file coords-v9.txt (compact mmCIF, C-alpha atoms)
# COMPACT_ATOMS: atom_id res chain seq x y z
CA MET Y 1 -40.99 9.58 11.04
CA GLU Y 2 -40.29 13.29 11.55
CA TRP Y 3 -39.75 13.04 15.32
CA LYS Y 4 -37.04 10.38 14.84
CA LYS Y 5 -35.16 12.72 12.55
CA GLU Y 6 -35.39 15.53 15.13
CA ILE Y 7 -34.16 13.23 17.93
CA LYS Y 8 -31.20 12.22 15.76
CA ILE Y 9 -30.31 15.89 15.21
CA LEU Y 10 -30.64 16.55 18.95
CA PHE Y 11 -28.38 13.57 19.71
CA TRP Y 12 -25.59 14.90 17.49
CA ILE Y 13 -25.91 18.41 18.92
CA ILE Y 14 -25.58 17.02 22.46
CA ALA Y 15 -22.70 14.74 21.45
CA LEU Y 16 -20.76 17.61 19.87
CA PHE Y 17 -21.44 19.84 22.88
CA LEU Y 18 -20.20 17.20 25.32
CA PHE Y 19 -17.12 16.57 23.18
CA ALA Y 20 -16.28 20.30 23.21
CA PHE Y 21 -17.12 20.70 26.91
CA PHE Y 22 -14.92 17.83 28.10
CA LEU Y 23 -12.09 18.31 25.60
CA PRO Y 24 -8.99 17.47 27.71
CA LEU Y 25 -6.76 20.27 26.44
CA GLU Y 26 -4.93 20.38 29.78
CA SER Y 27 -3.74 16.77 29.29
CA PHE Y 28 -0.17 16.53 27.97
CA ARG Y 29 -0.89 13.14 26.41
CA PHE Y 30 -3.91 14.50 24.54
CA ARG Y 31 -1.91 17.48 23.23
CA GLU Y 32 0.93 15.18 22.16
CA ALA Y 33 -1.57 12.89 20.39
CA ILE Y 34 -2.95 15.91 18.49
CA ALA Y 35 0.59 16.95 17.57
CA ALA Y 36 1.41 13.38 16.49
CA THR Y 37 -1.73 13.29 14.33
CA LEU Y 38 -0.84 16.56 12.58
CA ASP Y 39 2.79 15.43 12.19
CA LEU Y 40 1.76 12.14 10.58
CA VAL Y 41 -0.77 13.85 8.30
CA LYS Y 42 1.84 16.43 7.21
CA TRP Y 43 4.49 13.78 6.58
CA TYR Y 44 2.01 11.55 4.75
CA ALA Y 45 0.99 14.43 2.48
CA ARG Y 46 4.59 15.47 1.76
CA GLU Y 47 6.33 12.14 1.44
CA HIS Y 48 3.72 9.56 0.55
CA VAL Y 49 0.84 10.93 -1.49
CA ILE Y 50 2.88 12.49 -4.31
CA LEU Y 51 5.73 9.97 -4.53
CA CYS Y 52 3.79 6.76 -3.78
CA LEU Y 53 0.05 7.03 -4.18
CA LEU Y 54 -0.25 9.15 -7.31
CA PRO Y 55 2.08 6.90 -9.37
CA ALA Y 56 0.21 3.89 -7.95
CA PHE Y 57 -3.12 5.34 -9.09
CA PHE Y 58 -1.76 5.70 -12.64
CA ILE Y 59 -0.46 2.10 -12.54
CA ALA Y 60 -3.91 0.96 -11.41
CA GLY Y 61 -5.36 2.93 -14.32
CA VAL Y 62 -3.08 1.02 -16.71
CA ILE Y 63 -4.38 -2.29 -15.36
CA SER Y 64 -7.96 -1.08 -15.62
CA VAL Y 65 -7.76 0.32 -19.17
CA PHE Y 66 -4.78 -1.02 -21.12
CA ILE Y 67 -4.53 -4.58 -19.79
CA SER Y 68 -7.39 -6.61 -21.20
CA GLN Y 69 -9.78 -8.38 -18.88
CA ALA Y 70 -8.87 -11.63 -20.62
CA SER Y 71 -5.24 -11.26 -19.51
CA VAL Y 72 -6.23 -10.69 -15.88
CA LEU Y 73 -8.66 -13.62 -15.97
CA LYS Y 74 -6.06 -15.88 -17.56
CA TYR Y 75 -3.67 -15.54 -14.63
CA LEU Y 76 -5.81 -14.39 -11.68
CA GLY Y 77 -9.45 -15.13 -12.60
CA ALA Y 78 -11.76 -17.53 -10.81
CA ASN Y 79 -11.18 -20.11 -13.58
CA ALA Y 80 -7.39 -19.70 -13.74
CA LYS Y 81 -5.19 -22.61 -12.72
CA LYS Y 82 -4.83 -22.30 -8.95
CA TRP Y 83 -1.10 -22.89 -8.86
CA VAL Y 84 -0.60 -20.19 -11.51
CA ALA Y 85 -2.93 -17.67 -9.85
CA TYR Y 86 -1.46 -18.04 -6.36
CA SER Y 87 2.12 -18.20 -7.60
CA VAL Y 88 1.72 -14.94 -9.52
CA ALA Y 89 -0.15 -13.22 -6.69
CA SER Y 90 2.05 -14.39 -3.80
CA VAL Y 91 5.39 -13.28 -5.28
CA SER Y 92 4.21 -10.07 -6.95
CA GLY Y 93 5.41 -8.02 -4.01
CA THR Y 94 9.06 -8.68 -4.81
CA ILE Y 95 8.91 -6.06 -7.59
CA LEU Y 96 6.72 -3.56 -5.75
CA ALA Y 97 8.27 -1.31 -3.08
CA VAL Y 98 4.85 -0.45 -1.70
CA CYS Y 99 3.15 -0.10 1.66
CA SER Y 100 -0.30 -1.17 2.84
CA CYS Y 101 -1.86 1.94 1.28
CA THR Y 102 0.01 2.08 -2.03
CA ILE Y 103 -1.07 -1.49 -2.87
CA LEU Y 104 -4.76 -0.53 -2.58
CA PRO Y 105 -5.34 1.01 -6.02
CA LEU Y 106 -3.58 -1.96 -7.64
CA PHE Y 107 -5.70 -4.42 -5.64
CA SER Y 108 -8.87 -2.50 -6.47
CA SER Y 109 -7.95 -2.51 -10.14
CA ILE Y 110 -7.33 -6.27 -10.50
CA HIS Y 111 -10.44 -7.01 -8.40
CA LYS Y 112 -12.47 -4.76 -10.72
CA ARG Y 113 -11.08 -6.59 -13.76
CA GLY Y 114 -12.37 -9.93 -12.45
CA ALA Y 115 -9.54 -11.48 -10.45
CA GLY Y 116 -10.72 -14.27 -8.15
CA LEU Y 117 -11.13 -13.30 -4.49
CA GLY Y 118 -8.37 -15.67 -3.35
CA PRO Y 119 -5.65 -14.50 -5.78
CA ALA Y 120 -6.70 -10.85 -5.30
CA ILE Y 121 -6.36 -11.19 -1.51
CA ALA Y 122 -3.02 -12.99 -1.92
CA PHE Y 123 -1.84 -10.06 -4.06
CA LEU Y 124 -3.18 -7.56 -1.51
CA TYR Y 125 -1.21 -9.22 1.29
CA SER Y 126 1.99 -10.03 -0.59
CA GLY Y 127 2.50 -6.60 -2.18
CA PRO Y 128 3.69 -4.80 0.97
CA ALA Y 129 4.82 -7.92 2.86
CA ILE Y 130 7.59 -9.26 0.64
CA ASN Y 131 8.99 -6.38 -1.35
CA ILE Y 132 12.65 -7.20 -1.84
CA LEU Y 133 13.92 -4.00 -0.20
CA ALA Y 134 12.09 -4.75 3.05
CA ILE Y 135 13.38 -8.34 3.14
CA ILE Y 136 17.01 -7.26 2.67
CA LEU Y 137 16.69 -4.51 5.29
CA THR Y 138 15.07 -6.94 7.75
CA ALA Y 139 17.89 -9.47 7.35
CA ARG Y 140 20.57 -6.80 7.63
CA ILE Y 141 19.24 -5.03 10.73
CA LEU Y 142 17.15 -7.62 12.60
CA GLY Y 143 19.17 -10.71 11.70
CA PHE Y 144 19.41 -13.24 8.88
CA GLU Y 145 16.99 -15.68 10.52
CA MET Y 146 14.35 -12.94 10.87
CA GLY Y 147 14.71 -12.08 7.18
CA ILE Y 148 14.27 -15.73 6.16
CA ALA Y 149 11.30 -16.12 8.53
CA ARG Y 150 9.70 -13.04 6.99
CA ILE Y 151 10.07 -14.42 3.45
CA ILE Y 152 8.67 -17.84 4.33
CA GLY Y 153 5.88 -16.40 6.49
CA ALA Y 154 4.83 -13.77 3.96
CA VAL Y 155 4.64 -16.13 0.97
CA ALA Y 156 2.85 -18.78 3.03
CA PHE Y 157 0.46 -16.16 4.44
CA ALA Y 158 -0.42 -14.88 0.98
CA VAL Y 159 -1.28 -18.35 -0.30
CA VAL Y 160 -3.02 -19.66 2.84
CA ILE Y 161 -5.08 -16.50 3.44
CA GLY Y 162 -6.03 -16.31 -0.23
CA ILE Y 163 -7.13 -19.97 -0.31
CA ALA Y 164 -9.00 -19.55 2.99
CA MET Y 165 -10.90 -16.53 1.67
CA SER Y 166 -11.70 -18.41 -1.52
CA LEU Y 167 -13.05 -21.41 0.44
CA ILE Y 168 -15.06 -19.29 2.88
CA TYR Y 169 -16.75 -17.51 -0.01
CA SER Y 170 -16.76 -20.50 -2.36
CA LYS Y 171 -20.38 -19.99 -3.42
CA GLU Y 172 -19.66 -16.46 -4.62
CA GLU Y 173 -16.50 -17.64 -6.34
CA LYS Y 174 -18.40 -20.42 -8.10
CA VAL Y 175 -20.92 -17.89 -9.45
CA LYS Y 176 -18.07 -15.63 -10.57
CA ALA Y 177 -16.35 -18.58 -12.30
CA GLU Y 178 -19.52 -19.42 -14.19
CA GLU Y 179 -19.98 -15.81 -15.26
CA GLN Y 180 -16.38 -15.56 -16.46
CA MET Y 181 -16.77 -18.64 -18.66
CA ASP Y 182 -19.11 -16.60 -20.87
CA ILE Y 183 -16.76 -13.63 -21.23
CA GLN Y 184 -15.52 -13.35 -24.79
CA SER Y 185 -11.83 -12.68 -25.26
CA ILE Y 186 -11.28 -9.36 -27.06
CA PRO Y 187 -8.12 -9.10 -29.18
CA GLU Y 188 -5.40 -6.92 -27.65
CA LYS Y 189 -5.34 -3.42 -29.12
CA ARG Y 190 -1.53 -3.39 -29.18
CA PRO Y 191 1.17 -6.04 -28.76
CA MET Y 192 1.41 -7.25 -25.18
CA TRP Y 193 5.08 -6.27 -24.94
CA GLN Y 194 4.14 -2.62 -25.51
CA THR Y 195 1.58 -2.63 -22.71
CA ALA Y 196 4.06 -4.46 -20.47
CA PHE Y 197 6.77 -1.91 -21.28
CA HIS Y 198 4.47 0.99 -20.37
CA PHE Y 199 3.33 -0.77 -17.19
CA PHE Y 200 6.79 -1.70 -15.90
CA VAL Y 201 8.25 1.73 -16.66
CA LEU Y 202 5.63 3.19 -14.31
CA VAL Y 203 6.34 0.47 -11.73
CA LEU Y 204 10.09 1.17 -11.85
CA ILE Y 205 9.49 4.91 -11.44
CA LEU Y 206 7.45 4.07 -8.32
CA VAL Y 207 10.14 1.70 -6.99
CA PHE Y 208 13.19 3.94 -7.45
CA ALA Y 209 11.47 7.18 -6.45
CA ASN Y 210 10.76 5.51 -3.10
CA TRP Y 211 14.04 3.63 -2.67
CA GLY Y 212 14.68 3.49 1.07
CA LYS Y 213 17.62 5.09 2.84
CA PRO Y 214 20.27 2.51 3.83
CA ALA Y 215 20.88 1.59 7.43
CA GLU Y 216 22.69 4.08 9.67
CA GLY Y 217 26.41 4.08 8.98
CA VAL Y 218 26.19 2.34 5.58
CA THR Y 219 28.14 4.42 3.04
CA SER Y 220 28.95 1.87 0.35
CA GLY Y 221 27.49 -1.06 -1.52
CA GLY Y 222 24.79 -1.47 -4.14
CA TRP Y 223 21.91 -0.31 -1.96
CA PHE Y 224 23.74 2.90 -0.98
CA TRP Y 225 24.74 3.58 -4.59
CA ILE Y 226 21.16 3.22 -5.82
CA TRP Y 227 19.85 5.41 -2.98
CA SER Y 228 22.50 8.07 -3.73
CA ASN Y 229 21.59 8.09 -7.42
CA LYS Y 230 17.89 7.25 -7.20
CA TRP Y 231 16.72 10.47 -8.83
CA LEU Y 232 19.07 9.98 -11.78
CA ILE Y 233 17.73 6.44 -12.14
CA THR Y 234 14.14 7.67 -11.78
CA SER Y 235 14.83 10.32 -14.44
CA PHE Y 236 16.07 7.62 -16.80
CA PHE Y 237 12.82 5.70 -16.44
CA ALA Y 238 10.91 8.97 -16.80
CA LEU Y 239 12.57 9.38 -20.21
CA LEU Y 240 11.46 5.85 -21.10
CA LEU Y 241 7.94 6.92 -20.11
CA VAL Y 242 8.23 9.85 -22.51
CA ILE Y 243 9.15 7.40 -25.28
CA SER Y 244 6.21 5.18 -24.31
CA LEU Y 245 3.77 8.10 -24.38
CA ILE Y 246 4.89 9.12 -27.87
CA PHE Y 247 5.47 5.78 -29.61
CA ILE Y 248 3.11 3.41 -27.75
CA LEU Y 249 0.21 5.59 -26.66
CA LYS Y 250 0.64 7.81 -29.76
CA ILE Y 251 0.17 11.08 -27.88
CA ARG Y 252 1.30 14.08 -29.94
CA TRP Y 253 5.03 14.47 -29.46
CA TYR Y 254 4.97 18.24 -28.95
CA PHE Y 255 2.52 17.93 -26.02
CA VAL Y 256 4.80 15.39 -24.37
CA LEU Y 257 7.86 17.53 -25.10
CA ILE Y 258 6.30 20.63 -23.49
CA VAL Y 259 5.51 18.69 -20.29
CA THR Y 260 9.01 17.17 -20.27
CA ILE Y 261 10.72 20.56 -20.63
CA VAL Y 262 8.58 22.22 -17.94
CA THR Y 263 9.25 19.32 -15.57
CA ALA Y 264 13.00 19.43 -16.23
CA VAL Y 265 13.14 23.21 -15.69
CA SER Y 266 11.21 22.89 -12.41
CA ALA Y 267 13.66 20.20 -11.24
CA PHE Y 268 16.57 22.52 -12.01
CA PHE Y 269 15.18 25.52 -10.14
CA THR Y 270 13.61 23.77 -7.11
CA SER Y 271 15.05 21.63 -4.35
CA GLY Y 272 13.58 18.18 -3.86
CA PRO Y 273 11.48 16.00 -6.14
CA LEU Y 274 7.95 17.05 -5.12
CA VAL Y 275 7.45 20.05 -7.42
CA PRO Y 276 8.74 18.26 -10.56
CA MET Y 277 6.64 15.20 -9.69
CA VAL Y 278 3.49 17.32 -9.28
CA ILE Y 279 4.14 19.12 -12.57
CA ALA Y 280 4.82 15.83 -14.37
CA ILE Y 281 1.64 14.22 -13.03
CA ALA Y 282 -0.47 17.30 -13.79
CA GLY Y 283 1.02 17.51 -17.28
CA LEU Y 284 0.46 13.80 -17.92
CA SER Y 285 -3.17 14.16 -16.82
CA ILE Y 286 -3.77 17.14 -19.10
CA ILE Y 287 -2.19 15.72 -22.26
CA THR Y 288 -4.04 12.41 -21.89
CA LEU Y 289 -7.38 14.12 -21.21
CA ILE Y 290 -7.12 16.35 -24.30
CA ASP Y 291 -5.75 13.61 -26.55
CA LYS Y 292 -7.96 13.01 -29.61
CA GLN Y 293 -5.89 10.20 -31.12
CA ASP Y 294 -7.04 7.39 -28.83
CA ASP Y 295 -9.90 7.47 -26.33
CA GLU Y 296 -8.09 4.89 -24.17
CA ASN Y 297 -5.54 7.54 -23.20
CA ARG Y 298 -8.32 9.73 -21.82
CA GLN Y 299 -9.90 6.73 -20.10
CA TRP Y 300 -6.56 5.99 -18.45
CA THR Y 301 -6.60 9.30 -16.58
CA LEU Y 302 -10.33 9.11 -15.86
CA SER Y 303 -9.86 5.63 -14.40
CA THR Y 304 -6.96 6.96 -12.31
CA TRP Y 305 -9.26 9.72 -11.03
CA ASP Y 306 -11.93 7.15 -10.14
CA PHE Y 307 -9.43 5.23 -7.99
CA THR Y 308 -8.31 8.48 -6.37
CA LYS Y 309 -11.88 9.44 -5.43
CA GLN Y 310 -12.57 5.97 -4.08
CA ILE Y 311 -9.44 5.56 -2.00
CA MET Y 312 -8.08 8.94 -0.86
CA PRO Y 313 -10.92 10.01 1.50
CA MET Y 314 -10.80 6.77 3.47
CA LEU Y 315 -7.00 6.88 3.60
CA ALA Y 316 -7.12 10.41 4.99
CA ILE Y 317 -9.58 9.42 7.71
CA GLY Y 318 -7.52 6.35 8.56
CA VAL Y 319 -4.24 8.28 8.82
CA VAL Y 320 -5.84 10.81 11.21
CA ILE Y 321 -7.27 8.07 13.45
CA ALA Y 322 -4.06 6.00 13.40
CA GLY Y 323 -1.95 9.06 14.24
CA PHE Y 324 -4.20 10.02 17.16
CA LEU Y 325 -4.32 6.52 18.65
CA LEU Y 326 -0.83 5.17 17.94
CA GLY Y 327 1.23 8.28 17.25
CA SER Y 328 3.66 9.25 14.50
CA THR Y 329 6.58 6.88 13.97
CA HIS Y 330 8.07 7.81 10.60
CA ASP Y 331 11.81 8.29 10.11
CA ASP Y 332 13.38 9.31 13.45
CA THR Y 333 10.14 10.75 14.78
CA ALA Y 334 8.63 9.12 17.87
CA MET Y 335 5.56 11.03 18.95
CA ALA Y 336 3.10 9.04 21.03
CA GLY Y 337 -0.64 8.97 20.47
CA VAL Y 338 -3.18 8.54 23.25
CA ILE Y 339 -1.83 4.98 23.59
CA PRO Y 340 1.73 5.51 24.90
CA ASN Y 341 4.58 3.71 23.11
CA ASP Y 342 6.05 2.44 26.39
CA TRP Y 343 2.79 0.61 27.12
CA ILE Y 344 3.11 -1.20 23.81
CA ALA Y 345 6.77 -2.09 24.50
CA LYS Y 346 5.89 -3.58 27.90
CA LEU Y 347 3.04 -5.68 26.48
CA VAL Y 348 5.09 -7.39 23.75
CA GLY Y 349 7.89 -8.86 25.84
CA GLY Y 350 8.48 -12.61 26.01
CA ASN Y 351 6.73 -15.12 23.78
CA SER Y 352 3.28 -15.62 25.29
CA ILE Y 353 0.09 -15.99 23.29
CA PHE Y 354 -0.99 -12.57 24.53
CA SER Y 355 2.25 -10.80 23.56
CA ASN Y 356 2.15 -12.26 20.04
CA PHE Y 357 -1.56 -11.52 19.68
CA PHE Y 358 -1.11 -7.96 20.95
CA ALA Y 359 1.82 -7.38 18.57
CA SER Y 360 -0.34 -8.63 15.68
CA ILE Y 361 -3.19 -6.30 16.65
CA VAL Y 362 -0.89 -3.28 17.01
CA GLY Y 363 0.75 -4.11 13.68
CA ALA Y 364 -2.63 -4.51 12.00
CA PHE Y 365 -3.84 -1.05 13.04
CA MET Y 366 -0.62 0.99 12.99
CA TYR Y 367 0.41 2.63 9.71
CA PHE Y 368 3.91 1.74 8.45
CA ALA Y 369 5.37 3.49 5.43
CA THR Y 370 7.56 1.34 3.20
CA LEU Y 371 10.62 0.06 5.14
CA THR Y 372 9.89 2.07 8.32
CA GLU Y 373 8.70 -1.02 10.18
CA VAL Y 374 12.29 -2.28 10.49
CA PRO Y 375 13.85 0.62 12.45
CA ILE Y 376 10.66 0.87 14.54
CA LEU Y 377 10.99 -2.82 15.44
CA GLN Y 378 14.68 -2.34 16.16
CA GLY Y 379 13.72 0.23 18.80
CA LEU Y 380 10.98 -1.99 20.26
CA ILE Y 381 13.34 -4.99 20.49
CA ALA Y 382 15.87 -2.80 22.29
CA ALA Y 383 13.04 -1.87 24.70
CA GLY Y 384 12.39 -5.54 25.49
CA MET Y 385 10.17 -6.85 22.69
CA GLY Y 386 10.40 -10.63 22.17
CA LYS Y 387 11.51 -12.14 18.85
CA GLY Y 388 8.18 -13.91 18.38
CA PRO Y 389 6.06 -10.75 18.76
CA ALA Y 390 8.57 -8.93 16.52
CA LEU Y 391 7.91 -11.40 13.68
CA ALA Y 392 4.16 -11.26 14.39
CA LEU Y 393 4.22 -7.49 13.98
CA LEU Y 394 6.37 -7.80 10.83
CA LEU Y 395 3.86 -10.18 9.23
CA ALA Y 396 0.73 -8.24 10.22
CA GLY Y 397 1.99 -4.65 10.12
CA PRO Y 398 3.18 -3.82 6.60
CA SER Y 399 0.17 -5.44 4.90
CA LEU Y 400 -2.50 -3.99 7.16
CA SER Y 401 -3.28 -0.60 8.68
CA LEU Y 402 -6.38 1.25 9.73
CA PRO Y 403 -6.40 3.35 6.51
CA ASN Y 404 -5.91 0.14 4.53
CA MET Y 405 -8.90 -1.56 6.23
CA LEU Y 406 -11.24 1.35 5.54
CA VAL Y 407 -10.44 1.24 1.83
CA ILE Y 408 -10.62 -2.57 1.56
CA ARG Y 409 -14.07 -2.39 3.13
CA GLY Y 410 -15.18 -0.13 0.28
CA VAL Y 411 -13.90 -2.63 -2.30
CA ILE Y 412 -14.97 -6.04 -0.95
CA GLY Y 413 -17.42 -5.16 1.83
CA THR Y 414 -17.37 -5.16 5.63
CA GLN Y 415 -17.71 -8.90 6.22
CA LYS Y 416 -14.89 -9.97 3.90
CA THR Y 417 -12.64 -7.25 5.32
CA ILE Y 418 -13.22 -8.48 8.88
CA VAL Y 419 -12.52 -12.08 7.85
CA TYR Y 420 -9.32 -11.02 6.06
CA VAL Y 421 -8.07 -9.01 9.07
CA VAL Y 422 -8.87 -11.87 11.48
CA LEU Y 423 -7.00 -14.36 9.29
CA VAL Y 424 -3.92 -12.12 9.15
CA VAL Y 425 -3.93 -11.51 12.92
CA VAL Y 426 -4.44 -15.20 13.80
CA MET Y 427 -1.73 -16.42 11.43
CA ALA Y 428 0.70 -13.72 12.57
CA THR Y 429 0.10 -14.73 16.19
CA ILE Y 430 0.71 -18.42 15.46
CA SER Y 431 3.83 -17.65 13.40
CA GLY Y 432 5.21 -15.47 16.19
CA LEU Y 433 4.67 -18.21 18.75
CA ILE Y 434 6.46 -20.79 16.59
CA TYR Y 435 9.36 -18.47 15.75
CA GLY Y 436 9.74 -17.30 19.35
CA GLY Y 437 9.83 -20.93 20.51
CA LEU Y 438 12.56 -21.79 18.01
CA PHE Y 439 14.77 -18.73 18.51

call {"tool": "encode", "arguments": {"input": "coords-v9.txt", "output": "structure tokens"}}
result
Amino acid sequence: MEWKKEIKILFWIIALFLFAFFLPLESFRFREAIAATLDLVKWYAREHVILCLLPAFFIAGVISVFISQASVLKYLGANAKKWVAYSVASVSGTILAVCSCTILPLFSSIHKRGAGLGPAIAFLYSGPAINILAIILTARILGFEMGIARIIGAVAFAVVIGIAMSLIYSKEEKVKAEEQMDIQSIPEKRPMWQTAFHFFVLVLILVFANWGKPAEGVTSGGWFWIWSNKWLITSFFALLLVISLIFILKIRWYFVLIVTIVTAVSAFFTSGPLVPMVIAIAGLSIITLIDKQDDENRQWTLSTWDFTKQIMPMLAIGVVIAGFLLGSTHDDTAMAGVIPNDWIAKLVGGNSIFSNFFASIVGAFMYFATLTEVPILQGLIAAGMGKGPALALLLAGPSLSLPNMLVIRGVIGTQKTIVYVVLVVVMATISGLIYGGLF
């Protein structure tokens, strides 16, 4: 009715007025929370979107367009052998240096291609939780036993949570399995090794472009050498991508050459990787969209754009909310949100059920970029955090975040998202209690 619409408008006018009227600008904590929000948004835009998310969107596009549905169903579908599906999904994170947000387009892509709910959820959890860089850094900084506990916990979590989700929604999975039995296998357009080559070149560009800085004081060793030379290594894989574009995707060589030259020139005349990366991504988008040789190349970029439209708005909203509530904790920055960091430190001491549960909740909602959870935890442990809550946060934090939850909700729905988050928080709490009791 018309009067209901008018009352709704009046409600929002009053709400906005009251918000403006009582805005606590005189509060230091409120001003710091605003500054932390803007700092996190700025850092996220500069360091994460271009180097992490955009490559991830293109990788998701590869899965959606170039990898046949039959291949996804064979290993991750509702009718796939369970031990194969969960094995593949639970260890996939070892080759992906991704965070809770970067994994989202990949998860969305395999879910869209028909992966079973259980294996898809196992992949969603394992991607950020057990990337090999994070495990090594955890063992080096927080102790060998914490690194081992993280490996065991993360793999077990991925499998148990995936199976639990599959059992809870078994009726839906049964319907999906029956539908997938009727799907006809379409012959691969190109040899599988070519698609795999193209896919893994993109994955390796993502991994090495985001290779984490070694621990403070480390100036030698394999990790330091890779970090020192990561842009040379990334450039090598970028050249392999050029070869793939020309000889596998059959894009006209002179288009690819023009983009390569412009990217190289921009790298020579600018400091930092962002400008060359933007030019390379823009150039790749243009030459695939105008390609007349193969419509799949155009569909690759269009699919990438679809994932971008689906995921980016929710991520942006989530980053703003997370920054305001929990502050900005990237690199050496420690800006508190409206919930002060010292409150959190005081509430996660010891090894009580509450401290482990609280650590799991904080980890689930806070945003951690790849590898940043380790130095943050190092600071919290120094401030009195117990070992059990530290592991609980490690197991809940990297795989979940408020931005992550908002996007997952758009892919699998509100109810499944809530169930998934509850499972992660409960298991992280139990794991923290056990670990804290042992060590």

call {"tool": "closest_residue", "arguments": {"input": "coords-v9.txt", "among": "Y:Ile287, Y:Met427, Y:Val320, Y:Ala120", "to": "Ala156 (chain Y)", "atoms": "all atoms listed in the file"}}
result
Y:Met427

call {"tool": "atom_distance", "arguments": {"input": "coords-v9.txt", "atom1": "CA of Gly116 (chain Y)", "atom2": "CA of Ala78 (chain Y)"}}
result
4.3 Å

call {"tool": "residues_around", "arguments": {"input": "coords-v9.txt", "residues": "Lys82 (chain Y)", "least_positions_apart": "6", "cutoff": "9 Å", "atoms": "all atoms listed in the file", "output": "PyMOL selection string"}}
result
chain Y and resi 75-76+119

call {"tool": "residues_around", "arguments": {"input": "coords-v9.txt", "residues": "Val65 (chain Y)", "least_positions_apart": "4", "cutoff": "7 Å", "atoms": "all atoms listed in the file", "output": "ChimeraX atom specification"}}
result
/Y:61,296,299-300

call {"tool": "atom_distance", "arguments": {"input": "coords-v9.txt", "atom1": "CA of Ile151 (chain Y)", "atom2": "CA of Leu117 (chain Y)"}}
result
22.7 Å

call {"tool": "residues_around", "arguments": {"input": "coords-v9.txt", "residues": "region 270-285 of chain Y", "least_positions_apart": "4", "cutoff": "10 Å", "atoms": "only C-alpha atoms", "output": "PyMOL selection string"}}
result
chain Y and resi 46-47+50-51+54-55+58+209+231+238+242+245+255-256+258-266+289-290+297-298+300-302+304-305

call {"tool": "write_last_selection", "arguments": {"input": "coords-v9.txt", "atoms": "C-alpha atoms", "output": "PDB file, in the frame of the given file"}}
result
ATOM      1  CA  ARG Y  46       4.590  15.470   1.760  1.00  0.00           C
ATOM      2  CA  GLU Y  47       6.330  12.140   1.440  1.00  0.00           C
ATOM      3  CA  ILE Y  50       2.880  12.490  -4.310  1.00  0.00           C
ATOM      4  CA  LEU Y  51       5.730   9.970  -4.530  1.00  0.00           C
ATOM      5  CA  LEU Y  54      -0.250   9.150  -7.310  1.00  0.00           C
ATOM      6  CA  PRO Y  55       2.080   6.900  -9.370  1.00  0.00           C
ATOM      7  CA  PHE Y  58      -1.760   5.700 -12.640  1.00  0.00           C
ATOM      8  CA  ALA Y 209      11.470   7.180  -6.450  1.00  0.00           C
ATOM      9  CA  TRP Y 231      16.720  10.470  -8.830  1.00  0.00           C
ATOM     10  CA  ALA Y 238      10.910   8.970 -16.800  1.00  0.00           C
ATOM     11  CA  VAL Y 242       8.230   9.850 -22.510  1.00  0.00           C
ATOM     12  CA  LEU Y 245       3.770   8.100 -24.380  1.00  0.00           C
ATOM     13  CA  PHE Y 255       2.520  17.930 -26.020  1.00  0.00           C
ATOM     14  CA  VAL Y 256       4.800  15.390 -24.370  1.00  0.00           C
ATOM     15  CA  ILE Y 258       6.300  20.630 -23.490  1.00  0.00           C
ATOM     16  CA  VAL Y 259       5.510  18.690 -20.290  1.00  0.00           C
ATOM     17  CA  THR Y 260       9.010  17.170 -20.270  1.00  0.00           C
ATOM     18  CA  ILE Y 261      10.720  20.560 -20.630  1.00  0.00           C
ATOM     19  CA  VAL Y 262       8.580  22.220 -17.940  1.00  0.00           C
ATOM     20  CA  THR Y 263       9.250  19.320 -15.570  1.00  0.00           C
ATOM     21  CA  ALA Y 264      13.000  19.430 -16.230  1.00  0.00           C
ATOM     22  CA  VAL Y 265      13.140  23.210 -15.690  1.00  0.00           C
ATOM     23  CA  SER Y 266      11.210  22.890 -12.410  1.00  0.00           C
ATOM     24  CA  LEU Y 289      -7.380  14.120 -21.210  1.00  0.00           C
ATOM     25  CA  ILE Y 290      -7.120  16.350 -24.300  1.00  0.00           C
ATOM     26  CA  ASN Y 297      -5.540   7.540 -23.200  1.00  0.00           C
ATOM     27  CA  ARG Y 298      -8.320   9.730 -21.820  1.00  0.00           C
ATOM     28  CA  TRP Y 300      -6.560   5.990 -18.450  1.00  0.00           C
ATOM     29  CA  THR Y 301      -6.600   9.300 -16.580  1.00  0.00           C
ATOM     30  CA  LEU Y 302     -10.330   9.110 -15.860  1.00  0.00           C
ATOM     31  CA  THR Y 304      -6.960   6.960 -12.310  1.00  0.00           C
ATOM     32  CA  TRP Y 305      -9.260   9.720 -11.030  1.00  0.00           C
TER      33      TRP Y 305
END

call {"tool": "residues_near_point", "arguments": {"input": "coords-v9.txt", "point": "(23.0, 0.5, 0.2)", "cutoff": "12 Å", "atoms": "all atoms listed in the file", "output": "VMD selection string"}}
result
chain Y and resid 133 136 to 137 140 211 to 230

call {"tool": "atom_distance", "arguments": {"input": "coords-v9.txt", "atom1": "CA of Leu315 (chain Y)", "atom2": "CA of Ser27 (chain Y)"}}
result
27.7 Å

call {"tool": "closest_residue", "arguments": {"input": "coords-v9.txt", "among": "Y:Val155, Y:Ile63, Y:Leu391, Y:Ala115", "to": "Leu377 (chain Y)", "atoms": "only C-alpha atoms"}}
result
Y:Leu391

call {"tool": "closest_residue", "arguments": {"input": "coords-v9.txt", "among": "Y:Leu240, Y:Ile148, Y:Val203, Y:Leu347", "to": "Leu380 (chain Y)", "atoms": "all atoms listed in the file"}}
result
Y:Leu347

call {"tool": "closest_residue", "arguments": {"input": "coords-v9.txt", "among": "Y:Lys5, Y:Ser399, Y:Cys101, Y:Ala428", "to": "Ile353 (chain Y)", "atoms": "only C-alpha atoms"}}
result
Y:Ala428
